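Shown next: structure13.tsv, given as TSV, C-alpha atoms.
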```
chain	number	residue	atom	x	y	z
A	26	MET	CA	-80.94	-47.80	-43.23
A	27	SER	CA	-77.87	-45.91	-42.19
A	28	GLY	CA	-74.20	-46.07	-41.62
A	29	ALA	CA	-72.72	-47.51	-44.74
A	30	TRP	CA	-71.88	-46.09	-48.14
A	31	ASN	CA	-73.65	-47.83	-51.02
A	32	VAL	CA	-72.92	-47.63	-54.71
A	33	ALA	CA	-76.06	-46.34	-56.41
A	34	ASP	CA	-76.91	-46.45	-60.10
A	35	VAL	CA	-78.19	-43.36	-61.86
A	36	VAL	CA	-81.35	-44.71	-63.51
A	37	GLY	CA	-83.12	-41.52	-64.55
A	38	LEU	CA	-82.63	-37.80	-65.10
A	39	ARG	CA	-85.20	-35.03	-65.46
A	40	ASP	CA	-84.61	-31.33	-65.98
A	41	GLU	CA	-86.90	-29.34	-63.69
A	42	THR	CA	-85.75	-25.81	-64.60
A	43	PRO	CA	-82.83	-24.50	-66.67
A	44	THR	CA	-80.62	-24.92	-63.57
A	45	ALA	CA	-82.20	-27.74	-61.55
A	46	ARG	CA	-82.27	-31.41	-62.29
A	47	THR	CA	-83.82	-34.44	-60.64
A	48	ILE	CA	-81.62	-37.53	-60.42
A	49	ARG	CA	-83.19	-40.92	-59.81
A	50	LEU	CA	-80.93	-43.35	-57.98
A	51	ARG	CA	-81.30	-47.07	-57.41
A	52	LEU	CA	-79.54	-48.56	-54.40
A	53	PRO	CA	-78.38	-52.15	-53.90
A	54	VAL	CA	-80.45	-52.37	-50.70
A	55	PRO	CA	-84.07	-51.57	-49.72
A	56	VAL	CA	-84.55	-47.89	-48.90
A	57	ARG	CA	-87.06	-46.29	-46.56
A	58	VAL	CA	-87.37	-42.54	-46.99
A	59	LEU	CA	-88.92	-40.20	-44.45
A	60	ALA	CA	-90.11	-37.05	-46.20
A	61	GLY	CA	-87.58	-34.26	-45.57
A	62	GLN	CA	-84.53	-36.49	-45.20
A	63	HIS	CA	-81.32	-36.09	-47.15
A	64	VAL	CA	-78.58	-38.31	-48.53
A	65	ASP	CA	-74.84	-37.76	-48.57
A	66	LEU	CA	-73.26	-38.20	-51.99
A	67	ARG	CA	-69.58	-39.04	-52.38
A	68	LEU	CA	-67.73	-38.47	-55.62
A	69	THR	CA	-64.21	-39.75	-56.25
A	70	ALA	CA	-61.93	-38.34	-58.95
A	71	PRO	CA	-59.50	-40.56	-60.89
A	72	ASP	CA	-56.65	-39.27	-58.69
A	73	GLY	CA	-58.47	-40.31	-55.53
A	74	TYR	CA	-59.68	-36.84	-54.52
A	75	GLN	CA	-63.10	-37.07	-52.87
A	76	ALA	CA	-65.92	-34.68	-52.13
A	77	VAL	CA	-69.01	-35.32	-50.01
A	78	ARG	CA	-72.16	-33.25	-50.34
A	79	SER	CA	-75.65	-33.61	-48.90
A	80	TYR	CA	-78.81	-33.32	-51.00
A	81	SER	CA	-82.44	-33.37	-49.96
A	82	VAL	CA	-84.50	-36.27	-51.21
A	83	SER	CA	-87.44	-35.07	-53.33
A	84	ALA	CA	-89.16	-38.45	-53.66
A	85	GLY	CA	-88.90	-41.97	-52.34
A	86	ILE	CA	-89.30	-44.65	-55.00
A	87	PRO	CA	-89.94	-47.93	-53.14
A	88	PRO	CA	-88.50	-50.42	-52.69
A	89	ASP	CA	-84.91	-49.43	-53.51
A	90	GLY	CA	-84.96	-46.03	-55.20
A	91	LEU	CA	-85.10	-42.34	-54.45
A	92	GLU	CA	-84.83	-39.03	-56.24
A	93	ILE	CA	-82.75	-36.00	-55.34
A	94	THR	CA	-83.18	-32.63	-56.98
A	95	VAL	CA	-80.06	-30.54	-57.36
A	96	GLU	CA	-79.80	-26.82	-58.10
A	97	GLU	CA	-76.68	-25.84	-60.01
A	98	LEU	CA	-74.46	-23.23	-58.43
A	99	PRO	CA	-72.24	-21.85	-61.20
A	100	ASP	CA	-69.11	-21.73	-59.02
A	101	GLY	CA	-69.84	-24.99	-57.29
A	102	GLU	CA	-67.48	-27.91	-57.13
A	103	VAL	CA	-70.06	-30.69	-57.36
A	104	SER	CA	-73.47	-29.35	-58.40
A	105	PRO	CA	-72.51	-28.34	-62.01
A	106	TYR	CA	-71.29	-31.89	-62.58
A	107	LEU	CA	-74.49	-33.40	-61.20
A	108	VAL	CA	-76.73	-31.06	-63.19
A	109	ARG	CA	-74.76	-30.98	-66.48
A	110	ASP	CA	-72.56	-34.04	-66.83
A	111	LEU	CA	-73.92	-36.98	-64.85
A	112	GLY	CA	-75.50	-39.58	-67.13
A	113	VAL	CA	-77.84	-42.55	-66.83
A	114	GLY	CA	-75.68	-45.59	-66.09
A	115	ASP	CA	-73.17	-43.62	-64.04
A	116	GLN	CA	-72.63	-44.57	-60.41
A	117	VAL	CA	-72.28	-42.49	-57.25
A	118	GLU	CA	-71.74	-43.44	-53.63
A	119	VAL	CA	-74.65	-42.73	-51.33
A	120	ARG	CA	-75.03	-42.68	-47.53
A	121	GLY	CA	-78.53	-42.53	-46.13
A	122	PRO	CA	-81.27	-41.36	-46.32
A	123	VAL	CA	-80.51	-39.77	-42.95
A	124	GLY	CA	-81.93	-37.10	-40.66
A	125	GLY	CA	-84.76	-37.35	-38.17
A	126	TRP	CA	-85.40	-33.67	-37.40
A	127	PHE	CA	-86.64	-31.90	-40.52
A	128	VAL	CA	-89.04	-34.71	-41.42
A	129	TRP	CA	-92.78	-35.17	-41.79
A	130	ARG	CA	-94.13	-38.51	-40.64
A	131	PRO	CA	-97.40	-39.91	-42.04
A	132	GLU	CA	-98.57	-40.82	-38.52
A	133	ASP	CA	-98.64	-37.11	-37.59
A	134	ASP	CA	-102.22	-36.01	-38.27
A	135	SER	CA	-101.66	-32.28	-37.60
A	136	PRO	CA	-102.34	-29.77	-40.35
A	137	VAL	CA	-99.11	-29.01	-42.19
A	138	GLN	CA	-97.80	-25.66	-43.41
A	139	LEU	CA	-94.82	-25.71	-45.75
A	140	ILE	CA	-92.95	-22.52	-46.66
A	141	GLY	CA	-90.23	-22.70	-49.30
A	142	GLY	CA	-87.92	-20.23	-50.94
A	143	GLY	CA	-86.29	-21.12	-54.28
A	144	SER	CA	-84.83	-24.61	-54.36
A	145	GLY	CA	-85.57	-24.85	-50.64
A	146	VAL	CA	-88.76	-26.44	-51.92
A	147	VAL	CA	-87.01	-29.78	-52.55
A	148	PRO	CA	-87.47	-31.43	-49.12
A	149	LEU	CA	-90.94	-29.86	-48.92
A	150	MET	CA	-91.85	-31.57	-52.21
A	151	ALA	CA	-91.04	-34.91	-50.60
A	152	MET	CA	-93.53	-33.99	-47.86
A	153	VAL	CA	-96.22	-32.99	-50.37
A	154	ARG	CA	-95.79	-36.28	-52.21
A	155	ALA	CA	-95.77	-38.35	-49.01
A	156	HIS	CA	-98.85	-36.55	-47.71
A	157	GLN	CA	-100.71	-37.25	-50.96
A	158	MET	CA	-99.48	-40.85	-51.02
A	159	ALA	CA	-100.82	-41.37	-47.50
A	160	SER	CA	-104.20	-39.89	-48.57
A	161	HIS	CA	-104.13	-37.75	-45.45
A	162	SER	CA	-107.29	-35.86	-44.60
A	163	SER	CA	-105.48	-33.07	-42.73
A	164	PRO	CA	-104.90	-29.83	-44.62
A	165	LEU	CA	-101.52	-29.27	-46.28
A	166	ARG	CA	-100.44	-25.85	-47.51
A	167	LEU	CA	-97.39	-24.80	-49.46
A	168	LEU	CA	-96.32	-21.17	-49.72
A	169	TYR	CA	-93.61	-21.06	-52.37
A	170	SER	CA	-91.50	-17.97	-53.02
A	171	VAL	CA	-89.68	-17.92	-56.37
A	172	ARG	CA	-87.97	-15.38	-58.63
A	173	SER	CA	-90.18	-16.18	-61.61
A	174	PRO	CA	-92.55	-18.88	-62.86
A	175	GLU	CA	-89.70	-20.38	-64.91
A	176	ALA	CA	-87.50	-20.74	-61.82
A	177	ALA	CA	-90.11	-22.75	-59.93
A	178	VAL	CA	-89.06	-26.33	-59.42
A	179	PHE	CA	-91.94	-28.88	-59.66
A	180	ARG	CA	-94.27	-26.14	-60.93
A	181	HIS	CA	-96.56	-28.32	-63.05
A	182	GLU	CA	-96.81	-31.18	-60.60
A	183	LEU	CA	-97.63	-28.79	-57.76
A	184	GLU	CA	-100.32	-27.01	-59.77
A	185	SER	CA	-101.90	-30.30	-60.88
A	186	LEU	CA	-101.92	-31.58	-57.33
A	187	ALA	CA	-103.46	-28.36	-56.02
A	188	GLN	CA	-106.25	-28.62	-58.60
A	189	ALA	CA	-106.95	-32.31	-58.05
A	190	SER	CA	-106.56	-32.51	-54.30
A	191	GLY	CA	-109.10	-31.48	-51.72
A	192	THR	CA	-106.50	-31.15	-49.00
A	193	PHE	CA	-103.52	-29.48	-50.71
A	194	GLY	CA	-103.39	-25.71	-51.12
A	195	LEU	CA	-100.67	-23.88	-53.05
A	196	GLN	CA	-99.78	-20.20	-52.98
A	197	TRP	CA	-97.05	-18.50	-54.99
A	198	VAL	CA	-94.98	-15.47	-54.13
A	199	TYR	CA	-93.09	-14.07	-57.14
A	200	THR	CA	-90.13	-11.88	-56.26
A	201	ARG	CA	-88.97	-10.69	-59.74
A	202	THR	CA	-91.46	-11.58	-62.46
A	203	ALA	CA	-94.97	-12.94	-62.17
A	204	PRO	CA	-97.62	-14.29	-64.52
A	205	ASP	CA	-100.02	-11.59	-65.79
A	206	GLY	CA	-102.20	-10.10	-63.13
A	207	GLN	CA	-100.23	-11.43	-60.19
A	208	PRO	CA	-98.23	-9.27	-57.81
A	209	VAL	CA	-94.44	-9.07	-57.71
A	210	GLY	CA	-92.57	-8.56	-54.46
A	211	ARG	CA	-90.74	-10.23	-51.67
A	212	LEU	CA	-92.59	-12.18	-49.04
A	213	ASP	CA	-93.42	-9.97	-46.06
A	214	ALA	CA	-95.09	-10.45	-42.69
A	215	GLU	CA	-98.46	-9.32	-43.98
A	216	THR	CA	-98.57	-11.71	-46.95
A	217	LEU	CA	-97.31	-14.51	-44.75
A	218	GLY	CA	-100.00	-13.87	-42.16
A	219	ALA	CA	-102.71	-13.83	-44.82
A	220	SER	CA	-101.46	-17.04	-46.44
A	221	VAL	CA	-100.51	-19.55	-43.78
A	222	LEU	CA	-102.68	-21.77	-41.62
A	223	ASP	CA	-103.83	-20.01	-38.48
A	224	SER	CA	-101.89	-20.59	-35.26
A	225	GLY	CA	-105.17	-21.75	-33.69
A	226	ALA	CA	-104.98	-24.85	-35.90
A	227	ASP	CA	-101.54	-25.58	-34.40
A	228	PRO	CA	-99.99	-26.68	-37.69
A	229	ALA	CA	-96.64	-28.42	-37.99
A	230	ILE	CA	-94.54	-25.90	-39.93
A	231	PHE	CA	-91.53	-26.57	-42.13
A	232	VAL	CA	-89.52	-23.69	-43.60
A	233	CYS	CA	-86.68	-24.17	-46.08
A	234	GLY	CA	-84.84	-21.54	-48.10
A	235	ALA	CA	-81.90	-19.17	-47.99
A	236	THR	CA	-80.65	-18.16	-44.54
A	237	GLY	CA	-82.21	-14.68	-44.57
A	238	PHE	CA	-85.54	-16.04	-45.83
A	239	VAL	CA	-85.69	-18.77	-43.19
A	240	GLU	CA	-84.79	-16.44	-40.32
A	241	ALA	CA	-87.26	-13.74	-41.37
A	242	VAL	CA	-90.11	-16.22	-41.89
A	243	ALA	CA	-89.47	-18.02	-38.58
A	244	GLY	CA	-89.54	-14.68	-36.75
A	245	TRP	CA	-92.82	-13.60	-38.39
A	246	LEU	CA	-94.40	-16.96	-37.60
A	247	VAL	CA	-93.62	-16.53	-33.91
A	248	ASP	CA	-95.09	-13.00	-34.09
A	249	LEU	CA	-98.24	-14.56	-35.58
A	250	GLY	CA	-98.56	-16.74	-32.50
A	251	HIS	CA	-97.08	-20.00	-33.74
A	252	ALA	CA	-95.18	-21.91	-31.06
A	253	PRO	CA	-91.42	-21.97	-31.75
A	254	ASP	CA	-91.31	-25.73	-31.19
A	255	ARG	CA	-93.83	-26.23	-34.03
A	256	ILE	CA	-91.54	-24.44	-36.51
A	257	LYS	CA	-88.75	-26.50	-38.07
A	258	THR	CA	-86.27	-24.82	-40.34
A	259	GLU	CA	-83.62	-25.90	-42.79
A	260	ARG	CA	-81.36	-23.43	-44.53
A	261	TYR	CA	-80.82	-23.95	-48.23
A	262	GLY	CA	-77.14	-24.71	-48.42
A	263	GLY	CA	-77.25	-25.67	-44.76
A	264	LEU	CA	-76.55	-29.25	-45.74
A	265	GLY	CA	-73.44	-28.32	-47.68
A	266	GLY	CA	-75.04	-29.21	-51.02
A	267	ALA	CA	-74.77	-25.67	-52.32
A	268	SER	CA	-71.48	-26.06	-54.14
B	5	MET	CA	-71.13	-38.68	-69.03
B	6	SER	CA	-67.74	-37.03	-68.63
B	7	GLU	CA	-65.82	-38.00	-65.52
B	8	TRP	CA	-65.95	-35.89	-62.38
B	9	THR	CA	-62.49	-34.58	-61.57
B	10	GLY	CA	-63.13	-32.25	-58.68
B	11	ARG	CA	-61.01	-29.39	-57.50
B	12	PRO	CA	-60.16	-28.08	-54.09
B	13	ALA	CA	-63.16	-26.33	-52.62
B	14	GLU	CA	-62.82	-22.60	-52.40
B	15	ARG	CA	-65.30	-21.41	-49.89
B	16	SER	CA	-66.17	-17.75	-50.22
B	17	ALA	CA	-66.91	-17.02	-46.58
B	18	GLU	CA	-64.69	-18.25	-43.78
B	19	ASP	CA	-67.55	-18.04	-41.31
B	20	ASP	CA	-69.93	-20.00	-43.52
B	21	TYR	CA	-71.71	-22.63	-41.48
B	22	LEU	CA	-74.03	-25.53	-42.15
B	23	ASP	CA	-77.04	-26.78	-40.22
B	24	GLY	CA	-76.36	-29.40	-37.56
B	25	ASN	CA	-78.70	-31.47	-39.71
B	26	ALA	CA	-75.69	-32.15	-41.95
B	27	LEU	CA	-74.16	-34.26	-39.16
B	28	ALA	CA	-76.81	-36.95	-39.67
B	29	GLY	CA	-74.72	-38.82	-42.24
B	30	PRO	CA	-71.39	-38.88	-40.39
B	31	LEU	CA	-73.09	-39.71	-37.08
B	32	SER	CA	-75.03	-42.54	-38.73
B	33	GLU	CA	-71.66	-44.30	-39.02
B	34	VAL	CA	-71.45	-44.33	-35.22
B	35	PHE	CA	-75.00	-44.47	-33.83
B	36	ALA	CA	-77.95	-46.65	-34.75
B	37	ILE	CA	-80.41	-43.85	-34.00
B	38	ASP	CA	-80.42	-40.32	-35.36
B	39	ILE	CA	-78.76	-37.95	-32.90
B	40	THR	CA	-79.53	-34.79	-34.90
B	41	ALA	CA	-83.18	-34.97	-33.79
B	42	ALA	CA	-82.12	-35.02	-30.11
B	43	LEU	CA	-82.64	-31.91	-28.00
B	44	GLY	CA	-79.30	-30.75	-26.63
B	45	THR	CA	-78.68	-28.43	-23.70
B	46	CYS	CA	-75.72	-26.09	-24.15
B	47	GLY	CA	-73.23	-26.35	-21.32
B	48	THR	CA	-72.22	-22.70	-21.75
B	49	CYS	CA	-75.55	-20.85	-21.82
B	50	GLY	CA	-78.21	-23.48	-21.10
B	51	ASP	CA	-80.03	-22.95	-24.40
B	52	ARG	CA	-81.94	-26.08	-25.45
B	53	ARG	CA	-82.68	-26.97	-29.05
B	54	ALA	CA	-82.35	-29.73	-31.62
B	55	VAL	CA	-78.83	-30.75	-32.61
B	56	ALA	CA	-80.05	-30.30	-36.21
B	57	GLU	CA	-80.56	-26.57	-35.57
B	58	ALA	CA	-77.12	-25.77	-34.20
B	59	HIS	CA	-74.40	-24.31	-36.42
B	60	LEU	CA	-71.90	-26.69	-37.98
B	61	TYR	CA	-68.46	-25.52	-39.08
B	62	VAL	CA	-66.63	-27.86	-41.43
B	63	ASN	CA	-63.59	-25.80	-42.48
B	64	ALA	CA	-61.40	-27.18	-39.70
B	65	PRO	CA	-59.78	-30.65	-39.58
B	66	ALA	CA	-62.62	-31.64	-37.26
B	67	LYS	CA	-66.29	-30.74	-37.66
B	68	ILE	CA	-67.33	-28.31	-34.92
B	69	LEU	CA	-70.92	-27.78	-33.80
B	70	ARG	CA	-71.62	-24.47	-32.06
B	71	CYS	CA	-74.55	-23.16	-30.05
B	72	PRO	CA	-76.54	-20.63	-32.15
B	73	SER	CA	-77.24	-18.56	-29.03
B	74	CYS	CA	-73.79	-18.17	-27.46
B	75	GLY	CA	-71.33	-19.68	-29.95
B	76	GLY	CA	-70.08	-22.20	-27.41
B	77	VAL	CA	-68.68	-25.46	-28.78
B	78	LEU	CA	-71.22	-28.27	-28.38
B	79	LEU	CA	-69.62	-31.11	-30.30
B	80	ARG	CA	-66.41	-32.00	-32.10
B	81	LEU	CA	-66.27	-34.80	-34.64
B	82	ASP	CA	-62.84	-35.82	-35.81
B	83	GLU	CA	-62.80	-38.49	-38.51
B	84	ARG	CA	-59.34	-39.67	-39.47
B	85	GLY	CA	-57.72	-42.88	-40.56
B	86	GLY	CA	-60.76	-45.07	-40.01
B	87	ARG	CA	-61.31	-43.75	-36.50
B	88	VAL	CA	-63.93	-41.36	-35.16
B	89	ILE	CA	-63.26	-39.18	-32.13
B	90	LEU	CA	-66.47	-37.66	-30.85
B	91	ASP	CA	-66.35	-34.99	-28.15
B	92	LEU	CA	-69.81	-34.23	-26.76
B	93	SER	CA	-68.60	-32.39	-23.66
B	94	GLY	CA	-70.23	-29.10	-24.73
B	95	PHE	CA	-73.65	-30.54	-23.96
B	96	THR	CA	-74.83	-30.95	-20.40
B	97	GLN	CA	-77.65	-33.17	-21.64
B	98	LEU	CA	-79.12	-34.80	-24.75
B	99	THR	CA	-82.80	-35.73	-24.80
B	100	ILE	CA	-83.39	-38.49	-27.30
B	101	GLU	CA	-86.84	-39.59	-28.40
B	102	VAL	CA	-86.92	-43.36	-28.69
B	103	ARG	CA	-89.48	-44.53	-31.23
```
Structure translated into structure tokens:
Amino acid sequence: MSGAWNVADVVGLRDETPTARTIRLRLPVPVRVLAGQHVDLRLTAPDGYQAVRSYSVSAGIPPDGLEITVEELPDGEVSPYLVRDLGVGDQVEVRGPVGGWFVWRPEDDSPVQLIGGGSGVVPLMAMVRAHQMASHSSPLRLLYSVRSPEAAVFRHELESLAQASGTFGLQWVYTRTAPDGQPVGRLDAETLGASVLDSGADPAIFVCGATGFVEAVAGWLVDLGHAPDRIKTERYGGLGGAS
Amino acid sequence: MSEWTGRPAERSAEDDYLDGNALAGPLSEVFAIDITAALGTCGTCGDRRAVAEAHLYVNAPAKILRCPSCGGVLLRLDERGGRVILDLSGFTQLTIEVR
């Protein structure tokens, strides 16, 4: 589905962290979501002023629903409204889901390595869910760098999945505060090398986070022997949703 | 449930750019297939990568896509008054996977 704007109903809201919220939308048409895609949201003020922002889809809810997860940026024009003020029963205009590059397709049976920084985990979460839904036998790993346990979006779902699943592996990197007994520090080349699937396994790799994070990680991955064309990146804020 | 009122965007950095990925929505109004997944060859430096990975500047009247390697203009998308003007002359080639 593409091309047209649809009026979507807000049918559910869930706080993920003190600053991130998941919004469930129902569209008037059937929706097919590829994991990693985004939607464009259009808001119109009473005076006609409009703003368009893009947000990664965190889950597809067949046949006509999807969820986006939005991180609030305090100075933002749109995100504080979506995180603080939007209510069930409200309507927003939606275009998409769109995007065919930063996507994981169930028919790809390669091992998958996901690397997320902060709320860059949102499109990766859609991939984790789709991979589990497809009952894939290939290994799936998520390396997730966050400031603190409290700042981790989807924390409980990810930990439950990692415990229950034989194929999904989860590793945390805590940059400011960590649970007792776990190290604190920024992700570096050494930790990355020790954590990610080996280049010999030729994994499909998806990296999403802040610009500096994405660029550093992509560079280290190439140094580790991963082929550049196996590494797909998306910069958090690179879709224009960060405001 | 309060109403969204908006306010003019005040972008902090003039040189702030998005991923070419963000063109997927606007281009979906024009093309039936997703062009952001296409591999584009830069007419200035010959670099070849996905449209989604190029740098998109949206602070001009038109959206401008630039080559991450050389900064050359790859694409201009001007949407005004119900009309789309798409200038792809910065690419020498687009390789599109047809599924």
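When all atoms listed in the file are used to measure the gap to chain B, the shortest distance among A:Glu175, A:Glu41, A:Glu92, A:Glu102 belongs to A:Glu102.
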Sphere at (-84.6, -36.8, -29.5), radius 6 Å, counting only C-alpha atoms: residues as an NGL selection string: :B and (41-43 or 99-101)
Can you work out which residues from chain A touch chain B at a cut-off of 9 Å (counting all atoms listed in the file) and hand them back as a PDB file with C-alpha atoms, in the frame of the given file?
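Resulting contents of out.pdb:
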```
ATOM      1  CA  SER A  27     -77.870 -45.910 -42.190  1.00  0.00           C
ATOM      2  CA  GLY A  28     -74.200 -46.070 -41.620  1.00  0.00           C
ATOM      3  CA  ALA A  29     -72.720 -47.510 -44.740  1.00  0.00           C
ATOM      4  CA  HIS A  63     -81.320 -36.090 -47.150  1.00  0.00           C
ATOM      5  CA  VAL A  64     -78.580 -38.310 -48.530  1.00  0.00           C
ATOM      6  CA  ASP A  65     -74.840 -37.760 -48.570  1.00  0.00           C
ATOM      7  CA  LEU A  68     -67.730 -38.470 -55.620  1.00  0.00           C
ATOM      8  CA  THR A  69     -64.210 -39.750 -56.250  1.00  0.00           C
ATOM      9  CA  ALA A  70     -61.930 -38.340 -58.950  1.00  0.00           C
ATOM     10  CA  PRO A  71     -59.500 -40.560 -60.890  1.00  0.00           C
ATOM     11  CA  ASP A  72     -56.650 -39.270 -58.690  1.00  0.00           C
ATOM     12  CA  TYR A  74     -59.680 -36.840 -54.520  1.00  0.00           C
ATOM     13  CA  GLN A  75     -63.100 -37.070 -52.870  1.00  0.00           C
ATOM     14  CA  ALA A  76     -65.920 -34.680 -52.130  1.00  0.00           C
ATOM     15  CA  SER A  79     -75.650 -33.610 -48.900  1.00  0.00           C
ATOM     16  CA  GLY A 101     -69.840 -24.990 -57.290  1.00  0.00           C
ATOM     17  CA  GLU A 102     -67.480 -27.910 -57.130  1.00  0.00           C
ATOM     18  CA  VAL A 103     -70.060 -30.690 -57.360  1.00  0.00           C
ATOM     19  CA  TYR A 106     -71.290 -31.890 -62.580  1.00  0.00           C
ATOM     20  CA  LEU A 107     -74.490 -33.400 -61.200  1.00  0.00           C
ATOM     21  CA  ARG A 109     -74.760 -30.980 -66.480  1.00  0.00           C
ATOM     22  CA  ASP A 110     -72.560 -34.040 -66.830  1.00  0.00           C
ATOM     23  CA  LEU A 111     -73.920 -36.980 -64.850  1.00  0.00           C
ATOM     24  CA  GLY A 112     -75.500 -39.580 -67.130  1.00  0.00           C
ATOM     25  CA  VAL A 113     -77.840 -42.550 -66.830  1.00  0.00           C
ATOM     26  CA  GLY A 114     -75.680 -45.590 -66.090  1.00  0.00           C
ATOM     27  CA  ASP A 115     -73.170 -43.620 -64.040  1.00  0.00           C
ATOM     28  CA  ARG A 120     -75.030 -42.680 -47.530  1.00  0.00           C
ATOM     29  CA  GLY A 121     -78.530 -42.530 -46.130  1.00  0.00           C
ATOM     30  CA  PRO A 122     -81.270 -41.360 -46.320  1.00  0.00           C
ATOM     31  CA  VAL A 123     -80.510 -39.770 -42.950  1.00  0.00           C
ATOM     32  CA  GLY A 124     -81.930 -37.100 -40.660  1.00  0.00           C
ATOM     33  CA  GLY A 125     -84.760 -37.350 -38.170  1.00  0.00           C
ATOM     34  CA  TRP A 126     -85.400 -33.670 -37.400  1.00  0.00           C
ATOM     35  CA  PHE A 127     -86.640 -31.900 -40.520  1.00  0.00           C
ATOM     36  CA  ASP A 254     -91.310 -25.730 -31.190  1.00  0.00           C
ATOM     37  CA  LYS A 257     -88.750 -26.500 -38.070  1.00  0.00           C
ATOM     38  CA  THR A 258     -86.270 -24.820 -40.340  1.00  0.00           C
ATOM     39  CA  GLU A 259     -83.620 -25.900 -42.790  1.00  0.00           C
ATOM     40  CA  ARG A 260     -81.360 -23.430 -44.530  1.00  0.00           C
ATOM     41  CA  GLY A 262     -77.140 -24.710 -48.420  1.00  0.00           C
ATOM     42  CA  GLY A 263     -77.250 -25.670 -44.760  1.00  0.00           C
ATOM     43  CA  LEU A 264     -76.550 -29.250 -45.740  1.00  0.00           C
ATOM     44  CA  GLY A 265     -73.440 -28.320 -47.680  1.00  0.00           C
ATOM     45  CA  SER A 268     -71.480 -26.060 -54.140  1.00  0.00           C
TER      46      SER A 268
END
```
Minimum-distance residue to Val117 (chain A), chosen among A:Asp40, A:Val77, A:Arg166, A:Ala177 (using only C-alpha atoms): A:Val77
One-decimal distance in Å that lies between CA of Tyr61 (chain B) and CA of Ser144 (chain A): 22.4 Å
Would you mind listing what lies within 7 Å of Thr96 (chain B) as a ChimeraX atom specification, with only C-alpha atoms counted and same-chain residues fewer than 4 positions away left out? /B:45-47
Mind pulling up the distance from CA of Ala189 (chain A) to CA of Glu215 (chain A)?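 Distance reported for this atom pair: 28.3 Å.
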For Leu69 (chain B), the nearest of the candidates B:Gln97, B:Asp82, B:Gly50, B:Arg87, counting only C-alpha atoms: B:Asp82
